Amino acid sequence: MRKSLTGVLSLAVLIGTVGATGASAGAATAAEPAAKASSGAVAGSEAGNEDIKDRILAIPGMSLIEEKPYAGYRYFVLNYTQPVDHRRPSKGTFQQRLTLLHKDVSRPTVFFTSGYNVSTNPSRSEPTQIIDGNQVSLEYRYFTPSRPALADWSKLDIWQAASDQHRVFTALKKIYDKKWLATGGSKGGMTATYFERFYPKDMDGVVAYVAPNDVNDKEDSAYDRFFRDVGTKECRDKLAGVQREALIRRAPLQKKYKEQAAANGWTFNTVGSLDRAYEATVLDYVFAFWQYSLLADCVDIPADAKKATDEDIWNSVDGIVGFSGYADQGLQTYTPYYYQAGTQLGSPDIKQPWLGNLSRYGYQPPRNFVPRSIPMKFDRGAMRDIDSWVRHNARQMMYVNGENDPWSAEPFRLGRGAKDSAVHTVPGGNHGSRVSGLPEAQRAKATADILRWAGVAPAAVEADPAKAKPLAKFDKRLDLRNGEVERDEATLRP
């Protein structure tokens with residue numbers, strides 16, 4: 001799960017531009033009638049006309065970082081006090097950052113997680129647009145600044161993170177008392193799944209995008225089969241050619257890498273050497289192309305790598321993967337991810353036979369990307385438990401995968417015990433695959449399911465799911481289209 005496309009989030013993933021609006025941005029709106037109120041709920045747009053910010057800040061442990069204007073919403077960046085260890089809450093706390101895109105308490109709410117840092121600019125996940133609701137976005141624990149001052153890394157696990165979400169939900173449910181959906185892309189989709197597994201009574205539905213499911217970390221042949229058949233032979237050959245040339249020309253291209261490192265202050269203490277960082281970047285090249293790009297983008301790959309200049313090879317690898325990613329400065333932000341990949345989540349080990357004996361290190365494990373001062377031990381039962389639970393207990397859960405997305409090579413699957421759940425695949429889709437990219441009939445059915453789970457399906461959609469459409473209009477400043485992927489300057493990650 002290594003690099004996130006500007007467009008793609010990953011998943012995970014939805015970063016908008018703050019709109020400069022006036023005081024009218026504070027006015028709550030509701031495009032659709034309110035869902036049926038829960039027992040004891042206060043009717044009306046805002047209880048007693050009390051300002052929503054005051055209600056939010058009255059929650060014990062909640063504090064305001066800033067409020068940003070956006071037309072039709074209130075947008076808050078917040079901190080919430082969380083226990084470092086939910087099993088022993090008296091053993092210390094930390095401040096966890098979250099954002100709230102507030103529309104109206106009469107609307108349903110989407111709980112969005114990227115599995116990484118939270119964006120502090122207004123954005124909407126696809127389910128938020130579909131149901132025209134509120135959105136709570138939570139920063140994953142141990143991603144700075146949401147990290148304890150003295151970090152006990154053993155407390156970074158999927159149950160602790162799910163418990164973070166449970167506490168936030170429990171606190172906000174008293175205000176947002178309509179239905180809730182969990183969502184996220186890539187690691188965020190995994191996070192939404194784990195939340196549902198450990199706290200199945202919290203959410204009314206889950207929409208998980210391009211979420212990998214590495215049940216057996218030692219068995220990764222699904223990735224090898226994927227890369228053998230993905231796209232077209234012409235495109236695969238072009239990508240393999242560039243990757244091979246990047247290793248054949250290791251000496252001249254590493255000279256440029258050293259110059260770039262010196263100019264930017266990059267160091268390579270964690271991975272061990274510039275050579276290891278260079279090869280790790282090159283070995284990510286094919287994976288990253290299919291993660292972020294579409295088959296049509298293969299036209300931009302050098303057609304004859306052997307005749308390409310060193311500059312052409314460098315630019316292609318750097319543009320698709322990014323040579324800064326395995327430097328200490330690139331890895332530092334993502335230490336929590338690599339720690340989790342090496343302790344619970346698992347990570348792919350890809351053979352890439354077209355490289356022959358050009359590779360010196362092979363696909364390097366997560367342990368190589370985490371400082372040695374942080375101990376790591378892999379829990380082989382964690383993902384098996386999640387996989388079994390989803391197969392047998394999924395209720396109102398939806399998975400949306402991309403046909404050409406490598407991270408969809410090991411997907412979540414549904415068993416006989418699953419109810420009112422589905423797995424959809426976007427034809428030709430990459431890591432930015434969304435419901436909007438599905439074939440028409442599937443798209444309408446998935447949209448209808450999301451509306452129904454959120455309790456806001458219009459009567460016409462209840463009668464005929466084929467009529468389902470998002471309740472809110474697409475906003476290019478808030479929303480991403482199918483295939484768009486938020487990207488950062490790190491290495492390949494879900």
# chains A, B, ... in the order shown; residues from 1 in each chain; ligands from 1

call {"tool": "select_by_dssp", "arguments": {"residues": "segment 267-453 of chain A", "states": "strand (DSSP E or B)", "output": "VMD selection string"}}
result
chain A and resid 395 397 to 402 419 422 to 426

call {"tool": "write_last_selection", "arguments": {"atoms": "all heavy atoms", "output": "CSV table (one decimal), in the first residue's frame"}}
result
chain,number,residue,atom,x,y,z
A,395,ARG,N,-22.9,-7.7,7.1
A,395,ARG,CA,-24.2,-7.2,7.0
A,395,ARG,C,-24.2,-5.8,6.4
A,395,ARG,O,-23.5,-4.9,7.0
A,395,ARG,CB,-24.9,-7.2,8.4
A,395,ARG,CG,-25.0,-8.5,9.1
A,395,ARG,CD,-26.0,-9.4,8.4
A,395,ARG,NE,-26.3,-10.7,9.2
A,395,ARG,CZ,-25.5,-11.8,9.0
A,395,ARG,NH1,-24.5,-11.8,8.2
A,395,ARG,NH2,-25.8,-12.8,9.8
A,397,MET,N,-22.6,-4.6,3.8
A,397,MET,CA,-21.2,-4.2,3.5
A,397,MET,C,-21.0,-4.3,2.0
A,397,MET,O,-21.5,-5.2,1.4
A,397,MET,CB,-20.2,-5.1,4.2
A,397,MET,CG,-20.3,-5.1,5.8
A,397,MET,SD,-19.0,-6.1,6.6
A,397,MET,CE,-17.6,-5.1,6.2
A,398,MET,N,-20.4,-3.3,1.5
A,398,MET,CA,-20.1,-3.2,0.0
A,398,MET,C,-18.6,-3.0,-0.2
A,398,MET,O,-18.0,-2.1,0.4
A,398,MET,CB,-20.9,-2.0,-0.6
A,398,MET,CG,-20.7,-1.9,-2.1
A,398,MET,SD,-21.5,-0.4,-2.7
A,398,MET,CE,-23.2,-0.7,-2.2
A,399,TYR,N,-18.1,-3.8,-1.2
A,399,TYR,CA,-16.7,-3.7,-1.6
A,399,TYR,C,-16.7,-3.3,-3.0
A,399,TYR,O,-17.4,-3.9,-3.9
A,399,TYR,CB,-15.9,-5.0,-1.3
A,399,TYR,CG,-15.7,-5.3,0.1
A,399,TYR,CD1,-16.6,-6.1,0.8
A,399,TYR,CD2,-14.7,-4.7,0.8
A,399,TYR,CE1,-16.4,-6.3,2.2
A,399,TYR,CE2,-14.5,-4.9,2.2
A,399,TYR,CZ,-15.4,-5.7,2.8
A,399,TYR,OH,-15.2,-5.9,4.2
A,400,VAL,N,-15.9,-2.2,-3.4
A,400,VAL,CA,-15.8,-1.8,-4.7
A,400,VAL,C,-14.3,-1.9,-5.1
A,400,VAL,O,-13.4,-1.2,-4.5
A,400,VAL,CB,-16.2,-0.3,-4.9
A,400,VAL,CG1,-16.1,0.2,-6.3
A,400,VAL,CG2,-17.7,-0.2,-4.4
A,401,ASN,N,-14.0,-2.7,-6.1
A,401,ASN,CA,-12.6,-3.0,-6.5
A,401,ASN,C,-12.4,-2.5,-7.9
A,401,ASN,O,-13.3,-2.2,-8.7
A,401,ASN,CB,-12.3,-4.4,-6.4
A,401,ASN,CG,-12.4,-5.0,-5.0
A,401,ASN,OD1,-12.0,-4.3,-4.0
A,401,ASN,ND2,-13.1,-6.1,-4.8
A,402,GLY,N,-11.1,-2.4,-8.3
A,402,GLY,CA,-10.8,-2.0,-9.7
A,402,GLY,C,-10.2,-3.2,-10.4
A,402,GLY,O,-9.3,-3.9,-9.9
A,419,LYS,N,-25.1,-11.1,4.4
A,419,LYS,CA,-26.4,-10.7,4.2
A,419,LYS,C,-26.4,-9.3,3.6
A,419,LYS,O,-25.8,-8.4,4.2
A,419,LYS,CB,-27.3,-10.8,5.4
A,419,LYS,CG,-27.3,-12.2,6.1
A,419,LYS,CD,-28.0,-13.2,5.2
A,419,LYS,CE,-28.1,-14.5,5.9
A,419,LYS,NZ,-28.7,-15.6,5.1
A,422,ALA,N,-22.3,-6.9,-1.0
A,422,ALA,CA,-22.0,-7.1,-2.4
A,422,ALA,C,-20.5,-6.8,-2.6
A,422,ALA,O,-19.9,-6.0,-1.9
A,422,ALA,CB,-22.8,-6.3,-3.3
A,423,VAL,N,-19.9,-7.4,-3.6
A,423,VAL,CA,-18.6,-7.0,-4.1
A,423,VAL,C,-18.8,-6.6,-5.6
A,423,VAL,O,-19.3,-7.4,-6.4
A,423,VAL,CB,-17.6,-8.2,-4.0
A,423,VAL,CG1,-16.3,-7.8,-4.6
A,423,VAL,CG2,-17.4,-8.7,-2.6
A,424,HIS,N,-18.3,-5.4,-5.9
A,424,HIS,CA,-18.4,-4.9,-7.3
A,424,HIS,C,-17.0,-4.6,-7.8
A,424,HIS,O,-16.1,-4.3,-7.1
A,424,HIS,CB,-19.2,-3.6,-7.3
A,424,HIS,CG,-20.6,-3.7,-6.8
A,424,HIS,ND1,-21.6,-4.3,-7.4
A,424,HIS,CD2,-21.2,-3.2,-5.6
A,424,HIS,CE1,-22.7,-4.3,-6.8
A,424,HIS,NE2,-22.5,-3.6,-5.7
A,425,THR,N,-16.9,-4.8,-9.1
A,425,THR,CA,-15.6,-4.5,-9.8
A,425,THR,C,-15.8,-3.5,-10.9
A,425,THR,O,-16.6,-3.8,-11.8
A,425,THR,CB,-14.9,-5.8,-10.3
A,425,THR,OG1,-14.7,-6.7,-9.2
A,425,THR,CG2,-13.6,-5.5,-10.9
A,426,VAL,N,-15.0,-2.5,-10.9
A,426,VAL,CA,-15.0,-1.5,-12.0
A,426,VAL,C,-14.2,-2.0,-13.2
A,426,VAL,O,-13.0,-2.2,-13.0
A,426,VAL,CB,-14.5,-0.1,-11.5
A,426,VAL,CG1,-14.4,0.9,-12.6
A,426,VAL,CG2,-15.4,0.4,-10.3

call {"tool": "residues_around", "arguments": {"residues": "segment 260-276 of chain A", "least_positions_apart": "5", "cutoff": "12 Å", "atoms": "only C-alpha atoms", "output": "PyMOL selection string"}}
result
chain A and resi 247+250-251+253-255+281-283+314+318+322-332+335+338+359-374

call {"tool": "residues_around", "arguments": {"residues": "Phe76 of chain A", "least_positions_apart": "6", "cutoff": "6 Å", "atoms": "only C-alpha atoms", "output": "number ranges by chain"}}
result
A: 67, 99-100

call {"tool": "residues_around", "arguments": {"residues": "Glu196 of chain A", "least_positions_apart": "2", "cutoff": "12 Å", "atoms": "only C-alpha atoms", "output": "number ranges by chain"}}
result
A: 111, 158-159, 161-163, 165-166, 180-183, 189-194, 198-208, 386, 389-390, 393-398

call {"tool": "closest_residue", "arguments": {"among": "A:Pro494, A:Gly72, A:Pro89, A:Gly231", "to": "Tyr337 of chain A", "atoms": "only C-alpha atoms"}}
result
A:Pro494
